[in-house]
>>> print(open('coords35.txt').read())   # compact mmCIF, C-alpha atoms
# COMPACT_ATOMS: atom_id res chain seq x y z
CA MET A 1 -10.88 -41.16 -34.63
CA ARG A 2 -8.78 -43.27 -32.25
CA LYS A 3 -5.64 -42.34 -34.22
CA LYS A 4 -6.58 -38.68 -33.88
CA TYR A 5 -6.83 -38.96 -30.09
CA ILE A 6 -3.52 -40.81 -29.90
CA LEU A 7 -1.81 -38.07 -31.90
CA LEU A 8 -3.44 -35.45 -29.67
CA ALA A 9 -2.24 -37.27 -26.56
CA VAL A 10 1.31 -37.46 -27.90
CA PHE A 11 1.20 -33.75 -28.72
CA MET A 12 0.01 -32.90 -25.21
CA ILE A 13 2.78 -34.98 -23.65
CA LEU A 14 5.44 -33.32 -25.79
CA PHE A 15 3.94 -29.89 -25.15
CA GLY A 16 3.91 -30.60 -21.43
CA GLN A 17 7.57 -31.61 -21.51
CA ILE A 18 8.53 -28.47 -23.41
CA PHE A 19 6.52 -26.33 -21.03
CA ALA A 20 8.10 -28.01 -18.02
CA GLN A 21 11.58 -27.38 -19.40
CA THR A 22 11.00 -23.74 -20.23
CA SER A 23 9.07 -22.91 -17.06
CA SER A 24 11.55 -24.63 -14.73
CA SER A 25 14.25 -21.97 -14.93
CA SER A 26 14.05 -19.07 -12.52
CA SER A 27 12.07 -16.13 -13.86
CA ASN A 28 13.73 -13.01 -15.24
CA LYS A 29 12.27 -11.10 -12.31
CA VAL A 30 13.87 -13.44 -9.77
CA MET A 31 17.24 -13.34 -11.50
CA ALA A 32 17.10 -9.54 -11.81
CA ASP A 33 16.46 -9.36 -8.07
CA PHE A 34 19.45 -11.63 -7.46
CA LEU A 35 21.77 -9.51 -9.62
CA ASP A 36 20.55 -6.30 -7.96
CA LYS A 37 21.81 -7.59 -4.60
CA LYS A 38 25.43 -7.72 -5.87
CA PHE A 39 27.14 -8.80 -2.65
CA GLY A 40 26.80 -11.84 -0.38
CA LEU A 41 28.62 -13.72 2.38
CA PHE A 42 29.93 -17.25 1.82
CA ILE A 43 30.66 -19.39 4.91
CA HIS A 44 32.77 -22.56 4.73
CA TRP A 45 32.70 -24.32 8.07
CA GLY A 46 32.68 -27.69 9.79
CA PRO A 47 34.57 -29.89 12.27
CA VAL A 48 37.73 -29.58 10.11
CA SER A 49 38.22 -26.11 11.62
CA LEU A 50 39.70 -28.02 14.58
CA ARG A 51 42.70 -28.84 12.38
CA GLY A 52 42.87 -25.58 10.41
CA THR A 53 43.19 -27.44 7.10
CA GLU A 54 41.00 -27.11 4.01
CA ILE A 55 37.46 -28.42 4.28
CA GLY A 56 36.97 -31.72 2.41
CA TRP A 57 40.19 -31.56 0.42
CA SER A 58 42.49 -32.30 3.36
CA ARG A 59 40.65 -35.49 4.29
CA GLY A 60 43.00 -38.42 3.70
CA HIS A 61 45.83 -36.04 2.78
CA GLN A 62 46.97 -33.45 5.37
CA VAL A 63 44.64 -35.10 7.91
CA SER A 64 44.26 -38.88 8.07
CA THR A 65 40.81 -40.14 7.06
CA GLN A 66 40.33 -41.73 10.48
CA ASP A 67 41.19 -38.50 12.30
CA TYR A 68 39.15 -36.33 9.93
CA ASP A 69 36.03 -38.49 10.13
CA ASN A 70 36.05 -38.37 13.94
CA LEU A 71 36.55 -34.65 14.40
CA TYR A 72 32.79 -34.26 14.87
CA ARG A 73 33.13 -35.95 18.27
CA GLU A 74 34.94 -32.86 19.62
CA PHE A 75 33.25 -30.18 17.51
CA ASN A 76 31.62 -27.89 20.07
CA PRO A 77 31.49 -24.27 18.80
CA VAL A 78 30.04 -22.83 21.99
CA LEU A 79 30.66 -19.22 20.87
CA PHE A 80 28.70 -19.60 17.63
CA ASP A 81 26.23 -16.71 17.40
CA ALA A 82 24.16 -16.75 14.23
CA ASN A 83 22.77 -13.28 14.92
CA ALA A 84 26.24 -11.79 15.33
CA ILE A 85 27.47 -13.39 12.09
CA VAL A 86 24.46 -12.19 10.11
CA ARG A 87 24.76 -8.70 11.58
CA SER A 88 28.40 -8.62 10.46
CA ALA A 89 27.28 -9.55 6.95
CA LYS A 90 24.62 -6.85 7.03
CA ASN A 91 27.11 -4.26 8.33
CA ALA A 92 29.37 -5.21 5.42
CA GLY A 93 26.61 -4.25 3.00
CA MET A 94 25.87 -7.86 2.07
CA LYS A 95 22.37 -8.79 0.95
CA TYR A 96 22.49 -12.59 1.17
CA LEU A 97 24.33 -15.39 2.96
CA THR A 98 25.33 -18.89 1.81
CA ILE A 99 26.33 -21.59 4.31
CA THR A 100 28.02 -24.94 3.55
CA ALA A 101 25.24 -27.13 4.90
CA ARG A 102 27.19 -30.10 3.53
CA HIS A 103 30.64 -30.01 1.97
CA HIS A 104 32.65 -32.74 0.19
CA ASP A 105 33.41 -34.43 3.53
CA GLY A 106 29.72 -35.29 3.96
CA PHE A 107 29.24 -33.74 7.40
CA CYS A 108 25.84 -32.05 7.74
CA LEU A 109 25.44 -28.81 9.72
CA TRP A 110 21.72 -29.47 10.22
CA PRO A 111 19.86 -32.33 12.00
CA THR A 112 19.02 -34.32 8.88
CA LYS A 113 16.90 -37.40 9.42
CA PHE A 114 18.56 -39.18 6.49
CA PHE A 115 22.13 -39.47 7.80
CA ASP A 116 23.61 -39.78 11.30
CA TYR A 117 26.79 -37.89 10.37
CA ASN A 118 25.36 -34.52 11.36
CA ILE A 119 25.45 -31.74 13.92
CA MET A 120 23.32 -33.66 16.43
CA ALA A 121 26.12 -36.24 16.80
CA THR A 122 28.46 -33.51 18.10
CA PRO A 123 28.67 -32.14 21.66
CA PHE A 124 27.13 -28.91 20.27
CA LYS A 125 23.79 -30.41 19.19
CA LYS A 126 22.33 -27.22 17.73
CA ASP A 127 20.97 -26.63 14.23
CA ILE A 128 23.55 -24.29 12.68
CA VAL A 129 21.71 -24.05 9.36
CA GLY A 130 18.42 -23.33 11.10
CA GLU A 131 19.86 -20.65 13.35
CA LEU A 132 21.47 -18.85 10.40
CA ALA A 133 18.22 -19.07 8.43
CA LYS A 134 16.31 -17.52 11.32
CA ALA A 135 18.91 -14.77 11.83
CA CYS A 136 18.84 -13.91 8.11
CA LYS A 137 15.06 -13.57 8.24
CA THR A 138 15.36 -11.27 11.25
CA GLU A 139 18.00 -9.04 9.62
CA GLY A 140 16.44 -9.01 6.15
CA LEU A 141 19.13 -11.01 4.32
CA LYS A 142 18.31 -13.74 1.82
CA PHE A 143 19.30 -17.18 3.10
CA CYS A 144 21.09 -19.59 0.75
CA ILE A 145 22.44 -23.11 1.08
CA TYR A 146 25.60 -24.75 -0.29
CA TYR A 147 25.29 -28.50 -0.88
CA SER A 148 28.06 -30.72 -2.24
CA ILE A 149 27.20 -33.09 -5.08
CA LEU A 150 30.00 -35.47 -4.17
CA ASP A 151 30.40 -37.01 -0.72
CA TRP A 152 33.67 -38.83 -0.06
CA TYR A 153 32.27 -40.10 3.27
CA HIS A 154 28.97 -41.62 2.11
CA PRO A 155 29.18 -45.38 1.35
CA ASP A 156 26.95 -45.10 -1.72
CA TYR A 157 29.04 -42.42 -3.42
CA PRO A 158 31.57 -44.33 -5.59
CA ILE A 159 34.74 -42.33 -4.73
CA HIS A 160 35.96 -41.88 -1.15
CA ARG A 161 38.86 -39.42 -1.31
CA SER A 162 39.88 -36.50 -3.49
CA GLY A 163 42.15 -37.61 -6.30
CA ASP A 164 41.11 -41.26 -6.17
CA THR A 165 39.89 -42.92 -9.36
CA ILE A 166 39.05 -46.36 -8.00
CA VAL A 167 35.30 -46.88 -7.76
CA ASP A 168 33.93 -48.63 -4.68
CA PRO A 169 32.14 -51.75 -5.98
CA LYS A 170 29.76 -51.65 -3.01
CA SER A 171 28.57 -48.12 -3.85
CA ASP A 172 25.23 -47.43 -5.52
CA MET A 173 24.92 -44.16 -7.43
CA ASN A 174 21.17 -44.50 -7.95
CA ARG A 175 20.62 -44.97 -4.25
CA TYR A 176 22.97 -42.04 -3.55
CA VAL A 177 21.02 -39.70 -5.87
CA GLY A 178 17.84 -40.73 -4.05
CA PHE A 179 19.53 -39.86 -0.76
CA MET A 180 20.50 -36.45 -2.17
CA LYS A 181 16.92 -35.78 -3.24
CA ASN A 182 15.67 -36.64 0.23
CA GLN A 183 18.15 -34.30 1.88
CA LEU A 184 17.55 -31.45 -0.56
CA LYS A 185 13.78 -31.76 -0.17
CA GLU A 186 14.34 -31.63 3.59
CA LEU A 187 16.47 -28.49 3.27
CA ILE A 188 13.92 -26.75 1.06
CA GLN A 189 10.98 -27.64 3.28
CA LYS A 190 12.73 -26.77 6.56
CA TYR A 191 14.62 -23.62 5.57
CA ASP A 192 13.04 -22.28 2.36
CA PRO A 193 16.36 -21.16 0.79
CA TYR A 194 16.45 -18.30 -1.70
CA MET A 195 19.25 -20.04 -3.58
CA LEU A 196 20.99 -23.44 -3.73
CA TRP A 197 24.74 -23.42 -4.41
CA PHE A 198 26.08 -26.76 -5.66
CA ASP A 199 29.67 -27.93 -6.10
CA GLY A 200 31.55 -31.15 -6.81
CA GLY A 201 30.13 -32.25 -10.14
CA TRP A 202 33.50 -32.70 -11.86
CA GLU A 203 33.99 -36.32 -10.80
CA SER A 204 33.00 -39.06 -13.25
CA PRO A 205 30.14 -40.64 -11.24
CA TRP A 206 28.15 -37.41 -11.72
CA THR A 207 26.79 -36.72 -15.20
CA ASP A 208 24.98 -33.85 -16.87
CA SER A 209 21.89 -36.04 -17.24
CA ILE A 210 21.79 -36.62 -13.47
CA GLY A 211 22.28 -32.87 -13.01
CA LYS A 212 19.38 -32.00 -15.33
CA ASP A 213 17.12 -34.46 -13.55
CA MET A 214 18.12 -32.98 -10.18
CA TYR A 215 17.56 -29.43 -11.44
CA ASN A 216 14.04 -30.26 -12.64
CA TYR A 217 13.28 -32.10 -9.40
CA LEU A 218 14.30 -29.10 -7.29
CA LYS A 219 12.30 -26.72 -9.47
CA SER A 220 9.25 -28.95 -8.97
CA LEU A 221 9.65 -28.45 -5.22
CA LYS A 222 10.25 -24.69 -5.39
CA PRO A 223 9.97 -23.19 -8.90
CA ASP A 224 11.74 -19.91 -8.13
CA VAL A 225 14.62 -21.24 -6.06
CA ILE A 226 17.80 -19.97 -7.74
CA ILE A 227 20.29 -22.72 -8.62
CA ASN A 228 23.90 -22.22 -9.70
CA ASN A 229 25.31 -24.07 -12.71
CA ARG A 230 27.44 -26.62 -10.85
CA LEU A 231 24.80 -29.32 -11.20
CA GLY A 232 26.37 -29.57 -14.66
CA LYS A 233 29.92 -29.61 -15.93
CA GLU A 234 29.80 -26.43 -18.06
CA ILE A 235 31.15 -23.80 -15.65
CA ALA A 236 33.66 -20.94 -15.81
CA ALA A 237 35.29 -22.04 -12.51
CA THR A 238 38.87 -21.04 -11.66
CA SER A 239 39.94 -20.93 -15.33
CA ASN A 240 37.24 -18.31 -16.03
CA LYS A 241 36.57 -19.98 -19.38
CA LYS A 242 33.89 -18.68 -21.71
CA ILE A 243 31.10 -21.21 -21.31
CA ASP A 244 28.56 -22.57 -23.77
CA VAL A 245 25.35 -21.36 -22.16
CA ASN A 246 23.33 -23.97 -24.07
CA LYS A 247 25.19 -26.68 -22.15
CA MET A 248 24.78 -25.00 -18.77
CA VAL A 249 22.66 -26.75 -16.11
CA GLY A 250 21.48 -23.99 -13.79
CA ASP A 251 20.44 -20.36 -13.61
CA TYR A 252 23.82 -18.60 -13.43
CA ASP A 253 27.54 -19.15 -13.94
CA THR A 254 30.15 -19.44 -11.17
CA PRO A 255 33.70 -18.19 -11.78
CA GLU A 256 35.85 -18.95 -8.74
CA GLN A 257 38.67 -16.89 -7.21
CA VAL A 258 38.61 -14.73 -10.35
CA VAL A 259 36.37 -11.89 -11.52
CA GLY A 260 34.00 -13.12 -14.22
CA ARG A 261 33.84 -11.81 -17.76
CA LEU A 262 31.65 -8.82 -18.61
CA ASN A 263 28.37 -10.42 -19.64
CA MET A 264 25.02 -8.67 -20.07
CA ASP A 265 23.18 -11.86 -21.07
CA THR A 266 24.15 -14.66 -18.69
CA PRO A 267 23.96 -13.99 -14.92
CA TRP A 268 27.09 -14.84 -12.94
CA GLU A 269 28.54 -14.70 -9.46
CA SER A 270 32.24 -14.77 -8.56
CA SER A 271 33.22 -16.42 -5.29
CA PHE A 272 36.36 -15.27 -3.48
CA THR A 273 37.99 -16.04 -0.14
CA ILE A 274 38.70 -13.17 2.23
CA CYS A 275 41.94 -15.01 3.11
CA ASN A 276 43.53 -17.78 1.01
CA GLN A 277 41.84 -20.89 2.35
CA TRP A 278 38.08 -21.47 2.20
CA SER A 279 37.84 -22.83 5.74
CA TRP A 280 39.59 -21.28 8.73
CA LYS A 281 43.37 -21.48 8.89
CA PRO A 282 45.44 -19.88 11.64
CA ASN A 283 47.60 -17.01 10.39
CA ASP A 284 46.14 -17.22 6.90
CA GLU A 285 46.98 -14.16 4.79
CA ILE A 286 43.99 -11.81 4.58
CA LYS A 287 43.17 -9.66 1.56
CA SER A 288 43.63 -5.93 1.99
CA LEU A 289 40.67 -3.56 1.89
CA LYS A 290 41.99 -2.28 -1.45
CA GLN A 291 41.98 -5.81 -2.90
CA CYS A 292 38.43 -6.44 -1.69
CA LEU A 293 37.14 -3.17 -3.13
CA ASP A 294 38.87 -3.77 -6.48
CA ILE A 295 37.21 -7.19 -6.69
CA LEU A 296 33.81 -5.76 -5.75
CA SER A 297 33.96 -2.91 -8.27
CA LYS A 298 35.27 -5.08 -11.11
CA THR A 299 32.60 -7.69 -10.40
CA ALA A 300 29.79 -5.13 -10.44
CA GLY A 301 31.41 -3.56 -13.52
CA GLY A 302 31.20 -6.92 -15.27
CA ASN A 303 27.49 -7.25 -14.38
CA GLY A 304 28.04 -9.96 -11.79
CA ASN A 305 27.65 -10.64 -8.08
CA LEU A 306 30.37 -11.17 -5.48
CA LEU A 307 30.18 -13.95 -2.88
CA LEU A 308 32.96 -13.27 -0.36
CA ASN A 309 33.93 -16.16 1.92
CA VAL A 310 34.84 -16.26 5.61
CA GLY A 311 35.69 -19.33 7.69
CA PRO A 312 34.60 -19.44 11.34
CA MET A 313 37.03 -20.75 13.95
CA PRO A 314 36.45 -24.00 15.93
CA ASP A 315 34.66 -22.08 18.69
CA GLY A 316 32.14 -20.62 16.23
CA ARG A 317 33.44 -17.07 16.00
CA ILE A 318 34.68 -15.36 12.87
CA GLU A 319 38.15 -13.90 13.43
CA LEU A 320 38.13 -10.27 14.50
CA ARG A 321 40.43 -9.27 11.63
CA GLN A 322 37.92 -10.73 9.15
CA ILE A 323 35.04 -8.98 10.92
CA ASP A 324 37.01 -5.72 10.79
CA ARG A 325 37.63 -6.12 7.06
CA LEU A 326 33.92 -6.71 6.44
CA GLU A 327 33.11 -3.60 8.47
CA GLU A 328 35.55 -1.53 6.39
CA ILE A 329 33.88 -2.72 3.19
CA GLY A 330 30.53 -1.79 4.70
CA LYS A 331 31.69 1.75 5.49
CA TRP A 332 32.84 2.18 1.89
CA LEU A 333 29.50 0.90 0.61
CA LYS A 334 27.57 3.31 2.82
CA ALA A 335 29.26 6.15 0.96
CA ASN A 336 29.36 4.52 -2.50
CA GLY A 337 26.61 1.91 -2.55
CA GLU A 338 24.62 3.72 -5.23
CA ALA A 339 27.38 2.70 -7.66
CA ILE A 340 27.00 -0.99 -6.73
CA TYR A 341 23.44 -1.98 -5.81
CA ASN A 342 20.71 -2.17 -8.46
CA THR A 343 23.18 -1.28 -11.20
CA LYS A 344 24.13 -2.90 -14.47
CA GLY A 345 27.72 -3.52 -15.52
CA GLY A 346 29.43 -1.62 -18.33
CA PRO A 347 29.29 0.03 -20.71
CA TYR A 348 33.11 -0.17 -20.46
CA GLN A 349 35.18 -3.27 -19.75
CA PRO A 350 36.71 -3.24 -16.25
CA ASN A 351 40.51 -2.91 -16.20
CA LYS A 352 43.31 -2.25 -13.71
CA ASP A 353 42.54 1.49 -13.60
CA TYR A 354 38.77 1.65 -13.48
CA ALA A 355 35.42 -0.10 -13.72
CA THR A 356 32.02 1.31 -14.66
CA THR A 357 28.47 0.58 -13.59
CA ARG A 358 25.29 2.32 -14.72
CA LYS A 359 21.78 3.16 -13.63
CA GLY A 360 19.24 5.51 -15.19
CA ASN A 361 21.11 8.35 -16.91
CA LYS A 362 24.24 7.86 -14.78
CA ILE A 363 27.52 6.07 -15.42
CA TYR A 364 29.45 5.38 -12.23
CA LEU A 365 33.19 5.51 -12.80
CA HIS A 366 34.97 3.42 -10.15
CA VAL A 367 38.48 4.87 -9.85
CA LEU A 368 40.76 1.98 -8.90
CA ASN A 369 44.11 3.58 -9.73
CA THR A 370 43.91 6.74 -7.68
CA ASP A 371 47.45 7.83 -8.60
CA LEU A 372 46.29 8.93 -12.06
CA GLU A 373 45.61 12.57 -12.95
CA TYR A 374 43.23 11.74 -15.80
CA LEU A 375 41.08 8.83 -16.91
CA LYS A 376 40.18 8.51 -20.58
CA LEU A 377 37.02 6.77 -21.81
CA GLN A 378 36.36 5.95 -25.44
CA ARG A 379 33.81 8.35 -26.93
CA THR A 380 30.94 7.42 -29.23
CA ASN A 381 28.71 9.78 -31.22
CA ASP A 382 25.33 8.65 -29.93
CA TRP A 383 25.57 9.97 -26.36
CA SER A 384 27.39 12.64 -24.38
CA ILE A 385 28.52 13.27 -20.82
CA VAL A 386 26.67 16.26 -19.41
CA SER A 387 28.58 16.60 -16.13
CA GLY A 388 30.81 14.83 -13.64
CA LYS A 389 30.96 14.89 -9.86
CA LEU A 390 32.07 12.86 -6.85
CA THR A 391 29.43 11.13 -4.70
CA SER A 392 30.11 13.90 -2.17
CA GLY A 393 28.97 16.46 -4.76
CA GLU A 394 32.36 17.95 -5.72
CA ARG A 395 32.48 18.82 -9.44
CA VAL A 396 34.84 16.85 -11.70
CA PRO A 397 35.87 18.46 -15.04
CA VAL A 398 35.08 16.43 -18.19
CA SER A 399 36.28 17.22 -21.71
CA ASN A 400 36.66 15.39 -25.01
CA ASP A 401 39.08 15.42 -27.92
CA GLY A 402 36.70 13.81 -30.41
CA LYS A 403 37.94 10.29 -29.68
CA ASN A 404 37.94 10.10 -25.90
CA TRP A 405 36.28 11.58 -22.85
CA SER A 406 38.90 12.92 -20.47
CA ILE A 407 38.00 12.98 -16.77
CA LYS A 408 40.31 15.12 -14.64
CA LEU A 409 40.64 13.44 -11.27
CA PRO A 410 40.71 15.54 -8.08
CA LYS A 411 44.20 16.19 -6.69
CA ASN A 412 42.98 15.67 -3.14
CA LYS A 413 42.01 12.08 -4.08
CA LYS A 414 45.47 11.15 -5.33
CA GLY A 415 46.79 8.04 -3.56
CA THR A 416 43.58 7.53 -1.59
CA LEU A 417 41.26 4.53 -1.44
CA ASN A 418 39.01 3.76 -4.42
CA TYR A 419 36.30 6.34 -5.09
CA ILE A 420 33.43 7.02 -7.49
CA VAL A 421 32.93 9.70 -10.16
CA VAL A 422 29.28 10.07 -11.16
CA LEU A 423 28.87 10.91 -14.85
CA ASP A 424 25.48 12.26 -15.90
CA ILE A 425 24.77 11.54 -19.58
CA ASP A 426 22.07 12.65 -22.01
CA LYS A 427 20.59 9.17 -22.51
CA ASN A 428 19.51 6.14 -20.49
CA ALA A 429 22.87 4.60 -19.64
CA GLU A 430 21.32 1.16 -19.13
CA GLN A 431 20.48 0.98 -22.83
CA LEU A 432 23.98 1.74 -24.12
CA PRO A 433 25.80 -1.04 -26.00
CA ILE A 434 29.04 -2.41 -24.58
CA ILE A 435 32.06 -0.39 -25.71
CA LEU A 436 34.96 -2.68 -26.51
>>> encode(input="coords35.txt", output="structure tokens")
Amino acid sequence: MRKKYILLAVFMILFGQIFAQTSSSSSNKVMADFLDKKFGLFIHWGPVSLRGTEIGWSRGHQVSTQDYDNLYREFNPVLFDANAIVRSAKNAGMKYLTITARHHDGFCLWPTKFFDYNIMATPFKKDIVGELAKACKTEGLKFCIYYSILDWYHPDYPIHRSGDTIVDPKSDMNRYVGFMKNQLKELIQKYDPYMLWFDGGWESPWTDSIGKDMYNYLKSLKPDVIINNRLGKEIAATSNKKIDVNKMVGDYDTPEQVVGRLNMDTPWESSFTICNQWSWKPNDEIKSLKQCLDILSKTAGGNGNLLLNVGPMPDGRIELRQIDRLEEIGKWLKANGEAIYNTKGGPYQPNKDYATTRKGNKIYLHVLNTDLEYLKLQRTNDWSIVSGKLTSGERVPVSNDGKNWSIKLPKNKKGTLNYIVVLDIDKNAEQLPIIL
């Protein structure tokens, strides 16, 4: 009898572990809601804006470590207005916002009780994370937090500058992970983020096993918080590699500065800078409206989300030219948002000429190359296009030659900005297989 109870106890423990693992990932409903939002604002910011160099990466390189680590003493962004920033994001058609609460340089934009190197040590002494969280709630945007895994400033993290391989013998990784857990619990309890965006797990002190433990810990605090896959090392990143989803630690993949691959199974979000540098740089080259719209359409066409980054200036404002670009994107989305929000990608692969999204019995054809007279789409025998029109209602002729659908593009749209052709079909477009 005792043996029977022991076996039962072992079974219950194993069952509990399996249940914990399977129930820890964000629900399909939560992830579907995330993918429906399509478009968010990324903000990289900190005292380094005083030098105009890259956040974290320039420490000990373009900017001496001593200088970099003391910039907080003069960081006083008196023109920071969380409400104005969030309204700009909302006017751009963005549905969520992600702020670098702590980047690789270790500086914290909130008054953490676990580390003195934070916003309260600056002349500014205001909770930037808290003010953005409050503004997002007011404007109806989801609030998200970026948190760096590595910290080149913290004495317990083994590496103290990008590119270094020498491990500090005085560091203590176990103590550092405990510090991270304390800060992340603090962030969750104080600001209730919709999503946590991690970065920095490529260095050797961080392992997948630590990442899995951290993921499960965070899910125990807030089961439906969405977590990107940078707690682990299996990520698409800048190379846009095809990842092994079974090795992924997180809820979605994160291609960077590149549009992700068309994927109807694994959620993903591409992050792009509106200029070249993540943090503010004077006279940085800004992307054109055309470039931004191409990225947005191709991302939606691949069934992903776009996180577009801005970098506030030292005084707290976002540059007017960046605000203007966001406003231009927002105007385009007001006219064409039905082809972006709450859509699925496909059924065609995005290319240089077009992208497609779909919803209900509609395929939205995003015309990227507006100099063309016709666009051809591969035809299959199990569904047909019933009609075509612009979002304004103007009819667009559609024909087929047995192999391809031929969409005749309006002459008055030649050479204009990207636009949408709405194709009504005789089946539920969301159920169509991908056409390669």
>>> residues_around(input="coords35.txt", residues="Ile227 in chain A", least_positions_apart="5", cutoff="7 Å", atoms="only C-alpha atoms", output="ChimeraX atom specification")
/A:195-197,250-251
>>> write_last_selection(input="coords35.txt", atoms="C-alpha atoms", output="PDB file, keeping the file's coordinate frame")
ATOM      1  CA  MET A 195      19.250 -20.040  -3.580  1.00  0.00           C
ATOM      2  CA  LEU A 196      20.990 -23.440  -3.730  1.00  0.00           C
ATOM      3  CA  TRP A 197      24.740 -23.420  -4.410  1.00  0.00           C
ATOM      4  CA  GLY A 250      21.480 -23.990 -13.790  1.00  0.00           C
ATOM      5  CA  ASP A 251      20.440 -20.360 -13.610  1.00  0.00           C
TER       6      ASP A 251
END
>>> closest_residue(input="coords35.txt", among="A:Lys222, A:Lys242, A:His366, A:Lys359", to="Leu296 in chain A", atoms="all atoms listed in the file")
A:His366
>>> closest_residue(input="coords35.txt", among="A:Asn336, A:Asn400, A:Ser88, A:Ser58", to="Asp324 in chain A", atoms="all atoms listed in the file")
A:Ser88
>>> closest_residue(input="coords35.txt", among="A:Val48, A:Ala135, A:Ile435, A:Ala32", to="Pro77 in chain A", atoms="all atoms listed in the file")
A:Val48
>>> residues_around(input="coords35.txt", residues="range 212-221 of chain A", least_positions_apart="6", cutoff="8 Å", atoms="all atoms listed in the file", output="number ranges by chain")
A: 21, 24-25, 181, 184-185, 188, 227, 231-232, 249-250
>>> closest_atom_pairs(input="coords35.txt", of="range 28-98 of chain A", to="range 256-265 of chain A", cutoff="12 Å", atoms="all atoms listed in the file", output="Markdown table")
| residue | atom | partner | partner_atom | distance |
| --- | --- | --- | --- | --- |
| A:Asn28 | CA | A:Asp265 | CA | 11.2 |
| A:Met31 | CA | A:Asp265 | CA | 11.4 |
| A:Ala32 | CA | A:Asp265 | CA | 11.3 |
| A:Leu35 | CA | A:Met264 | CA | 11.0 |
>>> write_last_selection(input="coords35.txt", atoms="C-alpha atoms", output="mmCIF file, in the coordinates of the input")
data_model
loop_
_atom_site.group_PDB
_atom_site.id
_atom_site.type_symbol
_atom_site.label_atom_id
_atom_site.label_comp_id
_atom_site.auth_asym_id
_atom_site.auth_seq_id
_atom_site.Cartn_x
_atom_site.Cartn_y
_atom_site.Cartn_z
ATOM 1 C CA ASN A 28 13.730 -13.010 -15.240
ATOM 2 C CA MET A 31 17.240 -13.340 -11.500
ATOM 3 C CA ALA A 32 17.100 -9.540 -11.810
ATOM 4 C CA LEU A 35 21.770 -9.510 -9.620
#
>>> closest_residue(input="coords35.txt", among="A:Gly200, A:Pro155, A:Pro255, A:Gly302", to="Tyr354 in chain A", atoms="only C-alpha atoms")
A:Gly302
>>> closest_residue(input="coords35.txt", among="A:Ser162, A:Glu328, A:Asp36, A:Pro47", to="Gly60 in chain A", atoms="all atoms listed in the file")
A:Ser162
>>> closest_residue(input="coords35.txt", among="A:Tyr157, A:Val386, A:Lys403, A:Phe39", to="Gly178 in chain A", atoms="all atoms listed in the file")
A:Tyr157
>>> closest_atom_pairs(input="coords35.txt", of="range 15-123 of chain A", to="range 271-279 of chain A", cutoff="9 Å", atoms="only C-alpha atoms", output="tab-separated table")
residue	atom	partner	partner_atom	distance
A:Phe42	CA	A:Ser271	CA	7.9
A:Ile43	CA	A:Ser279	CA	8.0
A:His44	CA	A:Ser279	CA	5.2
A:Trp45	CA	A:Ser279	CA	5.8
A:Gly46	CA	A:Ser279	CA	8.2
A:Val48	CA	A:Ser279	CA	8.0
A:Ser49	CA	A:Ser279	CA	6.7
A:Gly52	CA	A:Ser279	CA	7.4
A:Thr53	CA	A:Ser279	CA	7.2
A:Glu54	CA	A:Ser279	CA	5.6
A:Ile55	CA	A:Ser279	CA	5.8
>>> atom_distance(input="coords35.txt", atom1="CA of Tyr176 in chain A", atom2="CA of Pro205 in chain A")
10.6 Å
>>> atom_distance(input="coords35.txt", atom1="CA of Glu373 in chain A", atom2="CA of Leu409 in chain A")
5.3 Å
>>> atom_distance(input="coords35.txt", atom1="CA of Asn404 in chain A", atom2="CA of Thr380 in chain A")
8.2 Å
>>> residues_around(input="coords35.txt", residues="Lys113 in chain A", least_positions_apart="4", cutoff="10 Å", atoms="all atoms listed in the file", output="list in words")
Tyr117, Asn118, Asn182, Gln183 and Glu186 of chain A
>>> residues_around(input="coords35.txt", residues="Gly402 in chain A", least_positions_apart="6", cutoff="12 Å", atoms="all atoms listed in the file", output="PyMOL selection string")
chain A and resi 376-381+384
